[in-house]
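In what follows, a structure is listed as structure tokens, so that the remarks can point back to it.
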Amino acid sequence: MTDLEIRPLTPDDDLDAQIDLGERAFGPLSAAGRASWMDLTRLRVGQGLVLGAFLAGRPAGAATVHDMRQWWHGRAVPSAGVASVKVGPEHRGQGIGRRLMTAVLDLIAELGYPVSALYPATMPLYRSLGWELAGSKSEATIPARSLLSLVPPDPHTLATPPTPAAPATPAAPVPPGDGAPSARVPDLRRAGPGDAAAVNEIIGRAHEAARDCGPITWDAGPIERWLARADLYAYLTGDGFAAYRWDGDHGLFVECVYGVSAETVRALWSVIASHSSVARTVRALVAPADPLWWLTRERDVTVTRRTMWMLRVVDATAAIDARGFPPGVSVTVPLVITDQSRPANSGHWELTVSEGNGILIPNGPGILGTPASSTPQPGSPAAPSPRAALALGARGLAALYAGTPVTTLRQAGLASGGTPEADASLDAAFAATPYMLDDF
């Protein structure tokens, strides 16, 4: 298709035509959705992060890149979120989507992002370019009344355990329904657009403390726009943040609850629980190890929706360097990577993980695991036995990075070679349960 032009959109482009393209691809937007889309798209267009595909000067497709940080074992890795990938219905099946996404991948690499993430509407195109399933976004439903009486902390975990004569409910104010003695009740205040930097800092601190894998933090622009929403109720404290909104006539939708301390987590959920006289149910985006699972007295938290997202390792050496790893794991494993879309990732490598850090260095043309610098000199003891390298494509590398067990990669046809001992070492180094709470 020689007359196809793919280029960054500029402020001079007709964004109404882009909305029309999106509605023909995905369905109509509400008035509020249209305004929100237009606002965020203007921001990304100004940053050169929206690519448009044009046929005879008319919009045929488009895709947006978001500037994000994705947390991997408590470290923030620069990540490009790919969203709003669309091709007009009349132009589908002509290869426009592949050419557009190839251009998007090139742009992400040029901007220096080590990894990229996206939520797929369909997976074959993204898999063909090296993205692979990595983690999930889970939505749980809870009866609102279940949050009114949270399980109290074990007495031995308190800074000053209560005496046997202490009343079940302390005289000092506590969050509603919490009958447990507590060292303190955090001061909460409403958060607004001016708190964007503080909110991002607290969310990042929570992910770092939990050694989370997968969740994201945004650049300032989208955070400010989110906090400015008229229907969002956001609360901030020194080490925590929560945001929710009304969900129909009889429910709440909790977008996030972050807290570093136990007192803050309990206080934020208690604010949400205070609506139980009106709200019947609470829908909440939750992490696999969210404290909420251990705070409710009964098995009332039920996952009712689960969405998978995909990951792409764009720059293998930078991605390994930026990722966090378990501090007690020490690994040296040879890899052979084949990445047709990003040839710089292809080759023979040696992966070393030690003291929470990782490094990927070239390992020559063979499949030996011994780096050249450690090759025995004449008269020295014999070299160790060669080790077969684990062979991965771009999809296998992405899945390994996200913590998928090597056995699973083998069973899915995404890995070969290597040894059982190396498999166990890699599983320990990349161990993760990736999740997200955000859409994009």
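In the structure tokens, each chain is lettered A, B, ... as it comes, each chain's residues begin at 1, and ligands are numbered from 1 in order of appearance.
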- [ ] List every residue of segment 1-122 of chain A that DSSP, applied to the backbone, labels as strand (DSSP E or B), and write the result as an MDAnalysis selection string.
- [x] chainID A and resid 4:8 50:55 58:72 75:87 115:118
Open item on the list: Using DSSP assignments from the backbone, pull out every residue in segment 67-290 of chain A that falls under alpha helix (DSSP H) and give it to me as a PyMOL selection string.
Closed with: chain A and resi 96-110+124-128+196-210+220-227+262-273
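Compared by their closest atoms to Asn200 of chain A, and using only C-alpha atoms, the residues A:Ala103, A:Glu5, A:Glu298, A:Met68 rank with A:Met68 nearest.
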Task: Long-range neighbours of segment 331-343 of chain A as a count of residues only, 10 Å cut-off, only C-alpha atoms, 2 positions minimum in chain - done: 60
Per-residue nearest contacts segment 252-362 of chain A to segment 137-157 of chain A, cut-off 12 Å, using only C-alpha atoms, as a tab-separated table:
```
residue	atom	partner	partner_atom	distance
A:Leu252	CA	A:Ala144	CA	8.6
A:Phe253	CA	A:Thr141	CA	9.2
A:Val254	CA	A:Glu139	CA	9.4
A:Glu255	CA	A:Glu139	CA	9.5
A:Cys256	CA	A:Glu139	CA	10.8
A:Ala262	CA	A:Pro153	CA	8.6
A:Glu263	CA	A:Pro153	CA	9.5
A:Val265	CA	A:Leu150	CA	11.1
A:Arg266	CA	A:Leu150	CA	8.0
A:Ala267	CA	A:Leu150	CA	10.5
A:Leu268	CA	A:Leu147	CA	10.9
A:Trp269	CA	A:Leu147	CA	7.3
A:Ser270	CA	A:Leu148	CA	7.0
A:Val271	CA	A:Leu147	CA	9.6
A:Ile272	CA	A:Leu147	CA	8.0
A:Ala273	CA	A:Leu147	CA	5.2
A:Ser274	CA	A:Leu148	CA	7.2
A:His275	CA	A:Ala144	CA	7.7
A:Ser276	CA	A:Ala144	CA	5.1
A:Ser277	CA	A:Arg145	CA	8.2
A:Val278	CA	A:Ala144	CA	9.0
A:Ala279	CA	A:Ala144	CA	6.3
A:Arg280	CA	A:Ala144	CA	5.3
A:Thr281	CA	A:Pro143	CA	4.5
A:Val282	CA	A:Ile142	CA	5.1
A:Arg283	CA	A:Thr141	CA	4.5
A:Ala284	CA	A:Ala140	CA	5.3
A:Leu285	CA	A:Glu139	CA	4.5
A:Val286	CA	A:Ser138	CA	5.9
A:Ala287	CA	A:Ser138	CA	7.0
A:Pro288	CA	A:Ser138	CA	7.9
A:Ala289	CA	A:Ser138	CA	11.3
A:Asp290	CA	A:Ser138	CA	10.8
A:Pro291	CA	A:Val151	CA	11.0
A:Leu292	CA	A:Leu150	CA	9.1
A:Trp293	CA	A:Ala140	CA	10.2
A:Trp294	CA	A:Val151	CA	7.6
A:Leu295	CA	A:Val151	CA	5.0
A:Thr296	CA	A:Leu150	CA	5.2
A:Arg297	CA	A:Val151	CA	5.6
A:Glu298	CA	A:Ser146	CA	7.8
A:Arg299	CA	A:Ile142	CA	9.3
A:Asp300	CA	A:Ile142	CA	5.7
A:Val301	CA	A:Ile142	CA	5.0
A:Thr302	CA	A:Ala140	CA	5.2
A:Val303	CA	A:Ala140	CA	4.1
A:Thr304	CA	A:Ala140	CA	5.4
A:Arg305	CA	A:Glu139	CA	5.1
A:Arg306	CA	A:Ser138	CA	4.5
A:Thr307	CA	A:Lys137	CA	5.1
A:Met308	CA	A:Lys137	CA	6.3
A:Trp309	CA	A:Lys137	CA	7.6
A:Met310	CA	A:Lys137	CA	11.1
```
Open item on the list: Would you pick out the contacts of segment 243-249 of chain A at 7 Å or less, using only C-alpha atoms, so that residues sharing its chain but fewer than 6 positions from it are not included, and give the list as JSON, numbers by chain?
Closed with: {"A": [231, 232, 233, 234, 235, 255, 256, 257]}
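Atom CA of Leu9 of chain A is positioned 21.9 Å from atom CA of Pro28 of chain A.
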- [ ] Skip Ile19 of chain A itself and residues of its chain fewer than 2 positions away, then list as JSON, numbers by chain all residues within 12 Å of it, counting only C-alpha atoms.
- [x] {"A": [13, 14, 15, 16, 17, 21, 22, 23, 24, 25, 26, 27, 28, 29, 30, 31, 33, 34, 35, 36, 37, 38, 39, 41, 42, 59, 60, 61, 62, 84, 86, 88]}
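Taking only C-alpha atoms, the non-local environment of Glu224 of chain A within 6 Å (same-chain residues fewer than 2 positions away omitted) comprises Pro193, Ala196, Gly221, Pro222, Trp226 and Leu227 of chain A.
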Open item on the list: Let me make sure I understand: among A:Asn357, A:Thr407, A:Thr217, A:Thr10, which one has the smallest atom-to-atom distance to Gly46 of chain A if we use only C-alpha atoms?
Closed with: A:Thr10
- [ ] With a distance cut-off of 9 Å and only C-alpha atoms, select the neighbouring residues of Tyr401 of chain A, excluding the residue or stretch itself and same-chain residues fewer than 6 positions from it, and output the selection as a PyMOL selection string.
- [x] chain A and resi 134+311+313+319-320+323+430-432
Could you take the residues named above and write them with C-alpha atoms, as a PDB file, in the first residue's frame?
```pdb
ATOM      1  CA  ALA A 134       2.182 -10.904  31.262  1.00  0.00           C
ATOM      2  CA  LEU A 311       4.307  -6.849  27.794  1.00  0.00           C
ATOM      3  CA  VAL A 313      10.794  -6.060  26.076  1.00  0.00           C
ATOM      4  CA  ALA A 319      15.140  -3.698  30.669  1.00  0.00           C
ATOM      5  CA  ILE A 320      17.225  -6.160  32.701  1.00  0.00           C
ATOM      6  CA  ARG A 323      14.292  -4.274  36.737  1.00  0.00           C
ATOM      7  CA  PHE A 430      12.118 -13.513  37.869  1.00  0.00           C
ATOM      8  CA  ALA A 431       9.478 -14.702  40.361  1.00  0.00           C
ATOM      9  CA  ALA A 432       6.507 -12.318  40.134  1.00  0.00           C
TER      10      ALA A 432
END
```
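Rounded to one decimal, atom CA of Arg92 of chain A and atom CA of Gly135 of chain A lie 28.3 Å from each other.
Distances here use only C-alpha atoms; by that measure, the residue among A:Leu188, A:Ala76, A:Ile96, A:Leu125 closest to Arg211 of chain A is A:Ala76.
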